[in-house]
file final-v9.cif (mmCIF, C-alpha atoms)
data_data
loop_
_atom_site.group_PDB
_atom_site.id
_atom_site.type_symbol
_atom_site.label_atom_id
_atom_site.label_comp_id
_atom_site.auth_asym_id
_atom_site.auth_seq_id
_atom_site.Cartn_x
_atom_site.Cartn_y
_atom_site.Cartn_z
ATOM 1 C CA GLY Z 1 -12.062 -10.296 20.594
ATOM 2 C CA PRO Z 2 -9.824 -13.346 20.208
ATOM 3 C CA TYR Z 3 -11.200 -16.894 20.076
ATOM 4 C CA LEU Z 4 -9.654 -20.347 19.867
ATOM 5 C CA ILE Z 5 -11.420 -22.614 17.366
ATOM 6 C CA SER Z 6 -11.188 -26.397 17.768
ATOM 7 C CA ILE Z 7 -11.410 -28.409 14.531
ATOM 8 C CA VAL Z 8 -11.868 -32.194 14.259
ATOM 9 C CA THR Z 9 -12.159 -34.011 10.925
ATOM 10 C CA THR Z 10 -13.676 -37.426 10.215
ATOM 11 C CA ASN Z 11 -12.389 -39.759 7.503
ATOM 12 C CA SER Z 12 -14.383 -42.145 5.291
ATOM 13 C CA GLU Z 13 -14.182 -44.848 7.973
ATOM 14 C CA GLY Z 14 -15.665 -42.591 10.628
ATOM 15 C CA LYS Z 15 -12.417 -42.142 12.504
ATOM 16 C CA GLU Z 16 -11.847 -38.740 14.064
ATOM 17 C CA SER Z 17 -8.584 -36.858 13.864
ATOM 18 C CA ASN Z 18 -6.836 -35.200 16.755
ATOM 19 C CA SER Z 19 -8.121 -31.730 17.513
ATOM 20 C CA VAL Z 20 -6.433 -28.810 15.821
ATOM 21 C CA PHE Z 21 -6.683 -25.442 17.537
ATOM 22 C CA LEU Z 22 -6.635 -22.243 15.486
ATOM 23 C CA PRO Z 23 -6.670 -18.652 16.740
ATOM 24 C CA PHE Z 24 -9.471 -16.504 15.346
ATOM 25 C CA LYS Z 25 -10.140 -12.827 15.911
ATOM 26 C CA VAL Z 26 -13.524 -11.171 15.583
ATOM 27 C CA GLY Z 27 -13.039 -7.465 15.066
ATOM 28 C CA ALA Z 28 -13.914 -4.417 13.022
ATOM 29 C CA THR Z 29 -15.107 -5.009 9.458
ATOM 30 C CA VAL Z 30 -15.686 -1.506 8.068
ATOM 31 C CA VAL Z 31 -13.242 0.007 5.555
ATOM 32 C CA ALA Z 32 -12.637 3.773 5.695
ATOM 33 C CA TYR Z 33 -11.635 5.927 2.739
ATOM 34 C CA LEU Z 34 -9.764 8.892 4.203
ATOM 35 C CA GLY Z 35 -9.526 12.301 2.553
ATOM 36 C CA VAL Z 36 -9.272 16.050 2.983
ATOM 37 C CA TYR Z 37 -12.777 16.764 1.668
ATOM 38 C CA SER Z 38 -15.689 17.510 3.993
ATOM 39 C CA ASP Z 39 -17.899 14.626 2.815
ATOM 40 C CA SER Z 40 -18.161 11.930 0.164
ATOM 41 C CA THR Z 41 -20.378 14.018 -2.136
ATOM 42 C CA THR Z 42 -17.784 16.768 -2.257
ATOM 43 C CA MET Z 43 -14.958 14.283 -2.665
ATOM 44 C CA LEU Z 44 -16.665 12.523 -5.577
ATOM 45 C CA SER Z 45 -17.171 15.822 -7.385
ATOM 46 C CA VAL Z 46 -13.969 17.813 -6.813
ATOM 47 C CA ALA Z 47 -11.191 15.375 -5.883
ATOM 48 C CA ASP Z 48 -8.435 14.193 -8.218
ATOM 49 C CA ASP Z 49 -9.638 11.722 -10.862
ATOM 50 C CA ASP Z 50 -7.539 8.908 -9.361
ATOM 51 C CA GLU Z 51 -8.942 9.551 -5.899
ATOM 52 C CA ILE Z 52 -12.496 9.510 -7.274
ATOM 53 C CA ALA Z 53 -11.936 6.326 -9.273
ATOM 54 C CA GLY Z 54 -10.512 4.508 -6.250
ATOM 55 C CA ALA Z 55 -13.404 5.642 -4.062
ATOM 56 C CA LYS Z 56 -16.057 4.568 -6.565
ATOM 57 C CA TRP Z 57 -14.485 1.123 -6.850
ATOM 58 C CA LEU Z 58 -14.352 0.748 -3.063
ATOM 59 C CA PHE Z 59 -17.915 1.894 -2.445
ATOM 60 C CA GLN Z 60 -19.266 -0.328 -5.239
ATOM 61 C CA ASN Z 61 -17.452 -3.450 -4.049
ATOM 62 C CA TYR Z 62 -17.465 -3.128 -0.262
ATOM 63 C CA ALA Z 63 -20.845 -2.593 1.351
ATOM 64 C CA LYS Z 64 -19.146 -1.891 4.676
ATOM 65 C CA SER Z 65 -17.092 1.048 3.503
ATOM 66 C CA ARG Z 66 -17.480 4.757 4.121
ATOM 67 C CA TYR Z 67 -15.747 8.043 3.548
ATOM 68 C CA ILE Z 68 -14.186 9.896 6.483
ATOM 69 C CA SER Z 69 -12.437 13.255 6.526
ATOM 70 C CA PHE Z 70 -9.376 14.396 8.432
ATOM 71 C CA ASP Z 71 -11.605 17.025 10.065
ATOM 72 C CA GLN Z 72 -13.842 14.268 11.429
ATOM 73 C CA VAL Z 73 -10.773 12.537 12.827
ATOM 74 C CA LYS Z 74 -9.654 15.794 14.437
ATOM 75 C CA ASN Z 75 -12.978 16.704 16.058
ATOM 76 C CA GLY Z 76 -13.709 13.154 17.164
ATOM 77 C CA SER Z 77 -17.008 12.833 15.291
ATOM 78 C CA VAL Z 78 -15.922 9.499 13.838
ATOM 79 C CA ASP Z 79 -15.044 6.427 15.911
ATOM 80 C CA LEU Z 80 -11.858 4.982 14.413
ATOM 81 C CA THR Z 81 -12.164 1.692 16.308
ATOM 82 C CA GLN Z 82 -14.950 0.576 13.944
ATOM 83 C CA PHE Z 83 -12.561 0.396 10.998
ATOM 84 C CA ARG Z 84 -10.651 -2.719 10.012
ATOM 85 C CA VAL Z 85 -8.520 -0.649 7.652
ATOM 86 C CA ILE Z 86 -8.135 3.006 6.726
ATOM 87 C CA TRP Z 87 -7.149 3.707 3.115
ATOM 88 C CA TRP Z 88 -5.639 7.094 2.263
ATOM 89 C CA ASN Z 89 -5.521 7.300 -1.533
ATOM 90 C CA TYR Z 90 -3.503 10.527 -1.793
ATOM 91 C CA ASP Z 91 -2.860 11.289 -5.467
ATOM 92 C CA VAL Z 92 -2.984 14.854 -6.818
ATOM 93 C CA VAL Z 93 -1.275 16.858 -9.585
ATOM 94 C CA THR Z 94 -0.416 19.840 -7.374
ATOM 95 C CA GLY Z 95 2.623 18.407 -5.577
ATOM 96 C CA HIS Z 96 3.425 15.735 -3.036
ATOM 97 C CA ALA Z 97 3.442 17.757 0.208
ATOM 98 C CA LEU Z 98 1.220 16.440 2.964
ATOM 99 C CA PRO Z 99 -1.871 18.622 3.525
ATOM 100 C CA ALA Z 100 -1.804 20.722 6.687
ATOM 101 C CA ILE Z 101 -4.818 18.953 8.218
ATOM 102 C CA ALA Z 102 -3.022 15.613 7.932
ATOM 103 C CA THR Z 103 -0.144 16.909 10.053
ATOM 104 C CA ASP Z 104 -2.379 18.597 12.644
ATOM 105 C CA ALA Z 105 -1.242 17.431 16.088
ATOM 106 C CA ALA Z 106 -4.658 16.113 17.131
ATOM 107 C CA VAL Z 107 -5.093 14.199 13.860
ATOM 108 C CA VAL Z 108 -1.636 12.662 14.081
ATOM 109 C CA THR Z 109 -2.213 11.595 17.681
ATOM 110 C CA LYS Z 110 -5.546 9.913 16.917
ATOM 111 C CA LEU Z 111 -4.352 8.096 13.799
ATOM 112 C CA THR Z 112 -1.151 7.039 15.550
ATOM 113 C CA ASN Z 113 -3.193 5.631 18.434
ATOM 114 C CA TYR Z 114 -5.443 3.810 15.943
ATOM 115 C CA TYR Z 115 -2.404 2.253 14.253
ATOM 116 C CA LYS Z 116 -0.718 1.384 17.545
ATOM 117 C CA SER Z 117 -3.907 -0.199 18.882
ATOM 118 C CA GLY Z 118 -4.071 -2.661 15.987
ATOM 119 C CA GLY Z 119 -5.718 -0.611 13.260
ATOM 120 C CA ASN Z 120 -4.522 -1.259 9.708
ATOM 121 C CA MET Z 121 -3.684 1.181 6.933
ATOM 122 C CA ILE Z 122 -3.289 1.267 3.155
ATOM 123 C CA LEU Z 123 -1.196 4.235 2.090
ATOM 124 C CA ARG Z 124 -1.075 5.035 -1.622
ATOM 125 C CA ILE Z 125 1.381 7.289 -3.465
ATOM 126 C CA TYR Z 126 2.104 10.496 -1.503
ATOM 127 C CA ALA Z 127 0.489 9.074 1.642
ATOM 128 C CA MET Z 128 3.667 6.990 1.937
ATOM 129 C CA GLN Z 129 5.182 9.929 3.845
ATOM 130 C CA TYR Z 130 2.664 9.341 6.625
ATOM 131 C CA LEU Z 131 4.681 6.361 7.831
ATOM 132 C CA TRP Z 132 7.227 8.851 9.168
ATOM 133 C CA THR Z 133 4.587 11.292 10.421
ATOM 134 C CA LEU Z 134 2.956 8.570 12.505
ATOM 135 C CA GLY Z 135 6.326 7.339 13.744
ATOM 136 C CA ARG Z 136 6.156 3.875 12.200
ATOM 137 C CA MET Z 137 9.317 4.491 10.158
ATOM 138 C CA ALA Z 138 12.259 6.457 11.513
ATOM 139 C CA ASN Z 139 15.285 6.095 9.244
ATOM 140 C CA PRO Z 140 15.745 9.088 6.886
ATOM 141 C CA TYR Z 141 15.863 7.099 3.654
ATOM 142 C CA PHE Z 142 16.248 8.745 0.265
ATOM 143 C CA THR Z 143 12.878 9.206 -1.453
ATOM 144 C CA GLU Z 144 11.716 10.078 -4.940
ATOM 145 C CA PHE Z 145 8.426 11.711 -5.881
ATOM 146 C CA GLY Z 146 6.869 12.357 -9.279
ATOM 147 C CA ASP Z 147 4.767 15.519 -9.497
ATOM 148 C CA GLY Z 148 2.678 17.266 -12.122
ATOM 149 C CA SER Z 149 0.126 16.350 -14.761
ATOM 150 C CA GLY Z 150 2.244 13.770 -16.586
ATOM 151 C CA PHE Z 151 3.105 13.055 -20.218
ATOM 152 C CA PRO Z 152 2.216 10.749 -23.141
ATOM 153 C CA ASN Z 153 4.118 7.474 -23.297
ATOM 154 C CA PRO Z 154 3.759 4.533 -25.729
ATOM 155 C CA ASP Z 155 5.033 1.785 -23.428
ATOM 156 C CA PRO Z 156 3.291 -0.490 -20.954
ATOM 157 C CA TRP Z 157 4.682 -0.117 -17.422
ATOM 158 C CA GLY Z 158 4.749 -2.739 -14.728
ATOM 159 C CA VAL Z 159 5.895 -3.837 -11.296
ATOM 160 C CA GLY Z 160 8.851 -6.085 -10.498
ATOM 161 C CA VAL Z 161 8.150 -8.600 -7.740
ATOM 162 C CA ASN Z 162 11.412 -10.498 -7.305
ATOM 163 C CA ILE Z 163 13.706 -8.091 -5.571
ATOM 164 C CA SER Z 164 17.166 -8.119 -7.152
ATOM 165 C CA LYS Z 165 15.986 -11.089 -9.239
ATOM 166 C CA LYS Z 166 16.521 -13.199 -6.106
ATOM 167 C CA HIS Z 167 13.671 -12.734 -3.645
ATOM 168 C CA ASP Z 168 10.507 -13.828 -5.447
ATOM 169 C CA GLN Z 169 7.429 -12.278 -3.847
ATOM 170 C CA SER Z 170 4.965 -13.394 -6.530
ATOM 171 C CA SER Z 171 3.250 -15.806 -4.109
ATOM 172 C CA HIS Z 172 2.561 -13.072 -1.532
ATOM 173 C CA PRO Z 173 -1.180 -12.577 -0.843
ATOM 174 C CA LEU Z 174 -0.965 -9.034 -2.250
ATOM 175 C CA TYR Z 175 -0.502 -10.541 -5.716
ATOM 176 C CA LYS Z 176 -3.158 -13.261 -5.577
ATOM 177 C CA GLY Z 177 -4.796 -13.768 -8.976
ATOM 178 C CA ILE Z 178 -2.344 -11.566 -10.877
ATOM 179 C CA THR Z 179 -0.594 -13.218 -13.834
ATOM 180 C CA MET Z 180 3.186 -12.824 -13.711
ATOM 181 C CA THR Z 181 5.735 -12.885 -16.539
ATOM 182 C CA THR Z 182 9.328 -14.068 -16.187
ATOM 183 C CA GLN Z 183 11.580 -11.847 -18.288
ATOM 184 C CA GLY Z 184 14.641 -13.091 -20.149
ATOM 185 C CA ASP Z 185 17.032 -11.789 -17.505
ATOM 186 C CA GLY Z 186 15.151 -13.429 -14.648
ATOM 187 C CA ARG Z 187 12.986 -10.515 -13.501
ATOM 188 C CA THR Z 188 9.376 -11.389 -12.600
ATOM 189 C CA THR Z 189 6.910 -8.638 -13.520
ATOM 190 C CA PHE Z 190 3.279 -7.818 -14.195
ATOM 191 C CA PRO Z 191 1.825 -4.850 -16.129
ATOM 192 C CA VAL Z 192 -0.203 -2.093 -14.464
ATOM 193 C CA ILE Z 193 -0.680 0.598 -17.138
ATOM 194 C CA GLY Z 194 -0.765 0.586 -20.929
ATOM 195 C CA PRO Z 195 0.209 3.081 -23.645
ATOM 196 C CA GLY Z 196 -1.188 6.581 -23.218
ATOM 197 C CA TRP Z 197 -0.988 9.437 -20.732
ATOM 198 C CA LYS Z 198 0.879 8.621 -17.537
ATOM 199 C CA GLU Z 199 0.999 10.863 -14.481
ATOM 200 C CA ASN Z 200 4.059 9.022 -13.152
ATOM 201 C CA HIS Z 201 3.285 9.961 -9.560
ATOM 202 C CA ASN Z 202 5.952 7.870 -7.914
ATOM 203 C CA ALA Z 203 6.438 7.868 -4.160
ATOM 204 C CA MET Z 204 9.395 5.541 -3.769
ATOM 205 C CA ILE Z 205 12.078 4.789 -1.237
ATOM 206 C CA VAL Z 206 15.234 4.849 -3.366
ATOM 207 C CA ARG Z 207 19.027 4.425 -3.090
ATOM 208 C CA ILE Z 208 18.469 1.982 -0.248
ATOM 209 C CA PRO Z 209 21.937 0.372 -0.410
ATOM 210 C CA GLU Z 210 23.521 3.834 -0.573
ATOM 211 C CA TYR Z 211 21.754 4.756 2.671
ATOM 212 C CA TYR Z 212 23.463 1.764 4.293
ATOM 213 C CA LYS Z 213 26.754 2.653 2.533
ATOM 214 C CA LEU Z 214 26.610 -0.538 0.487
ATOM 215 C CA PRO Z 215 26.597 -1.307 -3.272
ATOM 216 C CA ASN Z 216 23.278 -1.629 -5.130
ATOM 217 C CA ASP Z 217 23.548 -5.422 -5.364
ATOM 218 C CA SER Z 218 24.258 -5.894 -1.655
ATOM 219 C CA GLU Z 219 22.235 -8.628 0.019
ATOM 220 C CA GLU Z 220 23.080 -6.985 3.324
ATOM 221 C CA ALA Z 221 21.161 -3.861 2.294
ATOM 222 C CA TYR Z 222 18.068 -5.981 1.604
ATOM 223 C CA THR Z 223 18.354 -7.696 4.985
ATOM 224 C CA LYS Z 224 18.983 -4.476 6.895
ATOM 225 C CA PHE Z 225 16.037 -2.691 5.281
ATOM 226 C CA ASN Z 226 13.577 -5.480 6.058
ATOM 227 C CA THR Z 227 14.929 -6.014 9.574
ATOM 228 C CA ASP Z 228 15.085 -2.329 10.521
ATOM 229 C CA ASN Z 229 11.461 -1.807 9.483
ATOM 230 C CA ASN Z 230 9.990 -5.284 10.160
ATOM 231 C CA CYS Z 231 8.619 -5.187 6.639
ATOM 232 C CA VAL Z 232 8.322 -7.330 3.534
ATOM 233 C CA TRP Z 233 9.849 -5.628 0.484
ATOM 234 C CA LEU Z 234 7.267 -6.607 -2.119
ATOM 235 C CA GLY Z 235 7.941 -4.691 -5.312
ATOM 236 C CA THR Z 236 9.735 -2.063 -7.317
ATOM 237 C CA TRP Z 237 9.783 -0.673 -10.863
ATOM 238 C CA ASP Z 238 9.699 -3.515 -13.393
ATOM 239 C CA GLY Z 239 13.070 -2.568 -14.895
ATOM 240 C CA ILE Z 240 15.024 -2.713 -11.646
ATOM 241 C CA GLY Z 241 17.245 -5.746 -11.090
ATOM 242 C CA ASP Z 242 18.967 -4.804 -7.838
ATOM 243 C CA TYR Z 243 18.152 -3.366 -4.408
ATOM 244 C CA PHE Z 244 17.906 0.262 -5.518
ATOM 245 C CA ALA Z 245 14.237 1.033 -4.814
ATOM 246 C CA ALA Z 246 11.170 -0.111 -2.870
ATOM 247 C CA GLY Z 247 7.697 0.771 -4.131
ATOM 248 C CA LEU Z 248 5.443 -1.755 -2.410
ATOM 249 C CA LEU Z 249 5.841 -2.784 1.221
ATOM 250 C CA GLU Z 250 3.990 -4.762 3.843
ATOM 251 C CA LEU Z 251 4.777 -3.294 7.246
ATOM 252 C CA LYS Z 252 4.108 -5.840 9.953
ATOM 253 C CA PRO Z 253 3.495 -5.017 13.622
ATOM 254 C CA LYS Z 254 6.592 -3.495 15.211
ATOM 255 C CA ASP Z 255 7.304 -2.327 18.765
ATOM 256 C CA ASP Z 256 4.152 -0.583 20.014
ATOM 257 C CA PHE Z 257 2.543 -0.472 16.556
ATOM 258 C CA LEU Z 258 0.197 -3.468 16.688
ATOM 259 C CA GLY Z 259 -1.442 -2.763 13.319
ATOM 260 C CA SER Z 260 -0.193 -3.563 9.845
ATOM 261 C CA ALA Z 261 0.140 -1.383 6.764
ATOM 262 C CA ILE Z 262 0.451 -1.748 3.011
ATOM 263 C CA TYR Z 263 2.274 0.997 1.122
ATOM 264 C CA ILE Z 264 1.824 1.234 -2.666
ATOM 265 C CA GLY Z 265 3.979 3.923 -4.224
ATOM 266 C CA VAL Z 266 4.809 2.823 -7.783
ATOM 267 C CA GLY Z 267 3.615 5.660 -10.025
ATOM 268 C CA GLY Z 268 2.399 3.387 -12.800
ATOM 269 C CA ILE Z 269 -0.306 1.968 -10.510
ATOM 270 C CA GLU Z 270 -2.954 4.560 -11.402
ATOM 271 C CA TRP Z 271 -6.641 4.325 -10.626
ATOM 272 C CA HIS Z 272 -7.629 6.300 -13.726
ATOM 273 C CA GLN Z 273 -5.559 6.619 -16.886
ATOM 274 C CA ASN Z 274 -6.469 10.041 -18.191
ATOM 275 C CA ASP Z 275 -6.915 9.609 -21.953
ATOM 276 C CA VAL Z 276 -7.611 5.908 -22.575
ATOM 277 C CA VAL Z 277 -9.039 2.825 -20.910
ATOM 278 C CA ASN Z 278 -6.149 1.088 -19.184
ATOM 279 C CA PRO Z 279 -5.996 -2.527 -20.451
ATOM 280 C CA TYR Z 280 -4.370 -3.561 -17.169
ATOM 281 C CA GLN Z 281 -6.873 -1.910 -14.829
ATOM 282 C CA GLY Z 282 -7.884 -5.370 -13.643
ATOM 283 C CA ASN Z 283 -4.419 -5.831 -12.132
ATOM 284 C CA VAL Z 284 -4.761 -2.560 -10.243
ATOM 285 C CA GLN Z 285 -8.124 -3.639 -8.843
ATOM 286 C CA LYS Z 286 -6.845 -7.092 -7.859
ATOM 287 C CA LEU Z 287 -3.892 -5.509 -6.099
ATOM 288 C CA TYR Z 288 -6.127 -3.320 -3.962
ATOM 289 C CA LYS Z 289 -8.674 -6.062 -3.356
ATOM 290 C CA ASN Z 290 -5.842 -8.165 -1.973
ATOM 291 C CA ALA Z 291 -4.507 -5.249 0.063
#

call {"tool": "encode", "arguments": {"input": "final-v9.cif", "output": "structure tokens"}}
result
Amino acid sequence: GPYLISIVTTNSEGKESNSVFLPFKVGATVVAYLGVYSDSTTMLSVADDDEIAGAKWLFQNYAKSRYISFDQVKNGSVDLTQFRVIWWNYDVVTGHALPAIATDAAVVTKLTNYYKSGGNMILRIYAMQYLWTLGRMANPYFTEFGDGSGFPNPDPWGVGVNISKKHDQSSHPLYKGITMTTQGDGRTTFPVIGPGWKENHNAMIVRIPEYYKLPNDSEEAYTKFNTDNNCVWLGTWDGIGDYFAAGLLELKPKDDFLGSAIYIGVGGIEWHQNDVVNPYQGNVQKLYKNA
């Protein structure tokens, strides 16, 4: 529950400061890794390579983490209130459609109630669509998805963190410890994947100004998008210099949704580069550690 902490400091002369009161909440600490597979053993043997890589990293670095299945959510065999955050790392090569179990009425109701009651979520790649399924987002924005097994590419890809070269989000906690580069035209970026095979599994909200019937460089589109969704527009493709696309968002509590969510949909942010060791894997791990 919530607590109020009183802090008093003492200087070198033994004089006490006035009291400072800070709110503090003691709550759930367990992290859940959500998936369609019956158990973690099955998931770690048959899931997509990116899903497996993300799970292994989580389980190795967070002692209080566990795998849960959508079936467990549906039948009530798992208590969702124990989880500080639920991470759905949905990344496959067979298309971006949501699995049927994820849209089951009982599952949607329970996960919506978890989110509304203050539970937090990390939604990666195709799981971005769940924001609409759960009712947290309502506007029918244009979206873009990348499907399939991918292709070879010789270039490093990155994320742009100053939206329209104006709103610099590099100091946001999601990017703590990540080294940024300021490009010649003013864009601030950081790399996430090096040369080699890229699946390019984007799950992006695109043509945002067009949705609002505004030009791509419209500051009004940026304001409307953030205000309508009570979100922080954190990142996009590294080559974008306007308000065309959103690929990383922080969704703050809104209306009866008391929880928060992080959505990471930029396709270059892969957990496992298929044919080589990604030289920028450390940035991917820092991003999710911060999330």

call {"tool": "resolve_selection", "arguments": {"input": "final-v9.cif", "expression": "the PyMOL selection byres ((chain Z and resi 48-54) around 9)", "output": "PyMOL selection string"}}
result
chain Z and resi 35+43-47+55-59+89-93+270-274+285

call {"tool": "residues_near_point", "arguments": {"input": "final-v9.cif", "point": "(2.2, 9.8, 5.7)", "cutoff": "10 Å", "atoms": "all atoms listed in the file", "output": "JSON, numbers by chain"}}
result
{"Z": [88, 90, 97, 98, 99, 102, 103, 108, 123, 124, 125, 126, 127, 128, 129, 130, 131, 132, 133, 134, 135, 136, 137, 263]}

call {"tool": "write_last_selection", "arguments": {"input": "final-v9.cif", "atoms": "C-alpha atoms", "output": "PDB file, in the frame of the given file"}}
result
ATOM      1  CA  TRP Z  88      -5.639   7.094   2.263  1.00  0.00           C
ATOM      2  CA  TYR Z  90      -3.503  10.527  -1.793  1.00  0.00           C
ATOM      3  CA  ALA Z  97       3.442  17.757   0.208  1.00  0.00           C
ATOM      4  CA  LEU Z  98       1.220  16.440   2.964  1.00  0.00           C
ATOM      5  CA  PRO Z  99      -1.871  18.622   3.525  1.00  0.00           C
ATOM      6  CA  ALA Z 102      -3.022  15.613   7.932  1.00  0.00           C
ATOM      7  CA  THR Z 103      -0.144  16.909  10.053  1.00  0.00           C
ATOM      8  CA  VAL Z 108      -1.636  12.662  14.081  1.00  0.00           C
ATOM      9  CA  LEU Z 123      -1.196   4.235   2.090  1.00  0.00           C
ATOM     10  CA  ARG Z 124      -1.075   5.035  -1.622  1.00  0.00           C
ATOM     11  CA  ILE Z 125       1.381   7.289  -3.465  1.00  0.00           C
ATOM     12  CA  TYR Z 126       2.104  10.496  -1.503  1.00  0.00           C
ATOM     13  CA  ALA Z 127       0.489   9.074   1.642  1.00  0.00           C
ATOM     14  CA  MET Z 128       3.667   6.990   1.937  1.00  0.00           C
ATOM     15  CA  GLN Z 129       5.182   9.929   3.845  1.00  0.00           C
ATOM     16  CA  TYR Z 130       2.664   9.341   6.625  1.00  0.00           C
ATOM     17  CA  LEU Z 131       4.681   6.361   7.831  1.00  0.00           C
ATOM     18  CA  TRP Z 132       7.227   8.851   9.168  1.00  0.00           C
ATOM     19  CA  THR Z 133       4.587  11.292  10.421  1.00  0.00           C
ATOM     20  CA  LEU Z 134       2.956   8.570  12.505  1.00  0.00           C
ATOM     21  CA  GLY Z 135       6.326   7.339  13.744  1.00  0.00           C
ATOM     22  CA  ARG Z 136       6.156   3.875  12.200  1.00  0.00           C
ATOM     23  CA  MET Z 137       9.317   4.491  10.158  1.00  0.00           C
ATOM     24  CA  TYR Z 263       2.274   0.997   1.122  1.00  0.00           C
TER      25      TYR Z 263
END

call {"tool": "residues_around", "arguments": {"input": "final-v9.cif", "residues": "segment 178-192 of chain Z", "least_positions_apart": "2", "cutoff": "10 Å", "atoms": "all atoms listed in the file", "output": "ChimeraX atom specification"}}
result
/Z:156-166,168-171,174-176,194,235-241,266-271,278-287

call {"tool": "residues_around", "arguments": {"input": "final-v9.cif", "residues": "Ile5 of chain Z", "least_positions_apart": "6", "cutoff": "10 Å", "atoms": "all atoms listed in the file", "output": "list in words"}}
result
Ser19, Val20, Phe21, Leu22, Pro23, Phe24 and Lys25 of chain Z

call {"tool": "closest_residue", "arguments": {"input": "final-v9.cif", "among": "Z:Gly14, Z:Pro173, Z:Gly119, Z:Gly247", "to": "Arg207 of chain Z", "atoms": "only C-alpha atoms"}}
result
Z:Gly247

call {"tool": "closest_residue", "arguments": {"input": "final-v9.cif", "among": "Z:Leu214, Z:Leu4, Z:Val31, Z:Ile208", "to": "Thr143 of chain Z", "atoms": "all atoms listed in the file"}}
result
Z:Ile208

call {"tool": "atom_distance", "arguments": {"input": "final-v9.cif", "atom1": "atom CA of Trp87 of chain Z", "atom2": "atom CA of Met121 of chain Z"}}
result
5.7 Å

call {"tool": "resolve_selection", "arguments": {"input": "final-v9.cif", "expression": "the PyMOL selection byres ((chain Z and resi 113-115) around 9)", "output": "PDB file with C-alpha atoms, in the coordinates of the input"}}
result
ATOM      1  CA  LEU Z  80     -11.858   4.982  14.413  1.00  0.00           C
ATOM      2  CA  THR Z  81     -12.164   1.692  16.308  1.00  0.00           C
ATOM      3  CA  VAL Z 108      -1.636  12.662  14.081  1.00  0.00           C
ATOM      4  CA  THR Z 109      -2.213  11.595  17.681  1.00  0.00           C
ATOM      5  CA  LYS Z 110      -5.546   9.913  16.917  1.00  0.00           C
ATOM      6  CA  LEU Z 111      -4.352   8.096  13.799  1.00  0.00           C
ATOM      7  CA  THR Z 112      -1.151   7.039  15.550  1.00  0.00           C
ATOM      8  CA  LYS Z 116      -0.718   1.384  17.545  1.00  0.00           C
ATOM      9  CA  SER Z 117      -3.907  -0.199  18.882  1.00  0.00           C
ATOM     10  CA  GLY Z 118      -4.071  -2.661  15.987  1.00  0.00           C
ATOM     11  CA  GLY Z 119      -5.718  -0.611  13.260  1.00  0.00           C
ATOM     12  CA  ASN Z 120      -4.522  -1.259   9.708  1.00  0.00           C
ATOM     13  CA  MET Z 121      -3.684   1.181   6.933  1.00  0.00           C
ATOM     14  CA  LEU Z 134       2.956   8.570  12.505  1.00  0.00           C
ATOM     15  CA  ARG Z 136       6.156   3.875  12.200  1.00  0.00           C
ATOM     16  CA  PHE Z 257       2.543  -0.472  16.556  1.00  0.00           C
ATOM     17  CA  LEU Z 258       0.197  -3.468  16.688  1.00  0.00           C
ATOM     18  CA  GLY Z 259      -1.442  -2.763  13.319  1.00  0.00           C
ATOM     19  CA  SER Z 260      -0.193  -3.563   9.845  1.00  0.00           C
ATOM     20  CA  ALA Z 261       0.140  -1.383   6.764  1.00  0.00           C
TER      21      ALA Z 261
END

call {"tool": "axis_aligned_box", "arguments": {"input": "final-v9.cif", "around": "segment 157-176 of chain Z", "padding_each_side": "3 Å", "output": "lines of an AutoDock Vina configuration file"}}
result
center_x = 7.0
center_y = -8.0
center_z = -9.1
size_x = 26.3
size_y = 21.7
size_z = 22.6

call {"tool": "residues_near_point", "arguments": {"input": "final-v9.cif", "point": "(12.1, -0.4, 5.8)", "cutoff": "9 Å", "atoms": "all atoms listed in the file", "output": "PDB file with C-alpha atoms, in the coordinates of the input"}}
result
ATOM      1  CA  MET Z 137       9.317   4.491  10.158  1.00  0.00           C
ATOM      2  CA  ALA Z 138      12.259   6.457  11.513  1.00  0.00           C
ATOM      3  CA  ASN Z 139      15.285   6.095   9.244  1.00  0.00           C
ATOM      4  CA  TYR Z 141      15.863   7.099   3.654  1.00  0.00           C
ATOM      5  CA  ILE Z 205      12.078   4.789  -1.237  1.00  0.00           C
ATOM      6  CA  LYS Z 224      18.983  -4.476   6.895  1.00  0.00           C
ATOM      7  CA  PHE Z 225      16.037  -2.691   5.281  1.00  0.00           C
ATOM      8  CA  ASN Z 226      13.577  -5.480   6.058  1.00  0.00           C
ATOM      9  CA  THR Z 227      14.929  -6.014   9.574  1.00  0.00           C
ATOM     10  CA  ASP Z 228      15.085  -2.329  10.521  1.00  0.00           C
ATOM     11  CA  ASN Z 229      11.461  -1.807   9.483  1.00  0.00           C
ATOM     12  CA  ASN Z 230       9.990  -5.284  10.160  1.00  0.00           C
ATOM     13  CA  CYS Z 231       8.619  -5.187   6.639  1.00  0.00           C
ATOM     14  CA  VAL Z 232       8.322  -7.330   3.534  1.00  0.00           C
ATOM     15  CA  TRP Z 233       9.849  -5.628   0.484  1.00  0.00           C
ATOM     16  CA  ALA Z 246      11.170  -0.111  -2.870  1.00  0.00           C
ATOM     17  CA  LEU Z 249       5.841  -2.784   1.221  1.00  0.00           C
ATOM     18  CA  LEU Z 251       4.777  -3.294   7.246  1.00  0.00           C
TER      19      LEU Z 251
END

call {"tool": "resolve_selection", "arguments": {"input": "final-v9.cif", "expression": "the PyMOL selection byres ((chain Z and resi 67) around 8)", "output": "MDAnalysis selection string"}}
result
chainID Z and resid 32:35 39:40 65:66 68:69

call {"tool": "atom_distance", "arguments": {"input": "final-v9.cif", "atom1": "atom CA of Ile122 of chain Z", "atom2": "atom CA of Asp147 of chain Z"}}
result
20.7 Å

call {"tool": "atom_distance", "arguments": {"input": "final-v9.cif", "atom1": "atom CA of Met204 of chain Z", "atom2": "atom CA of Glu144 of chain Z"}}
result
5.2 Å
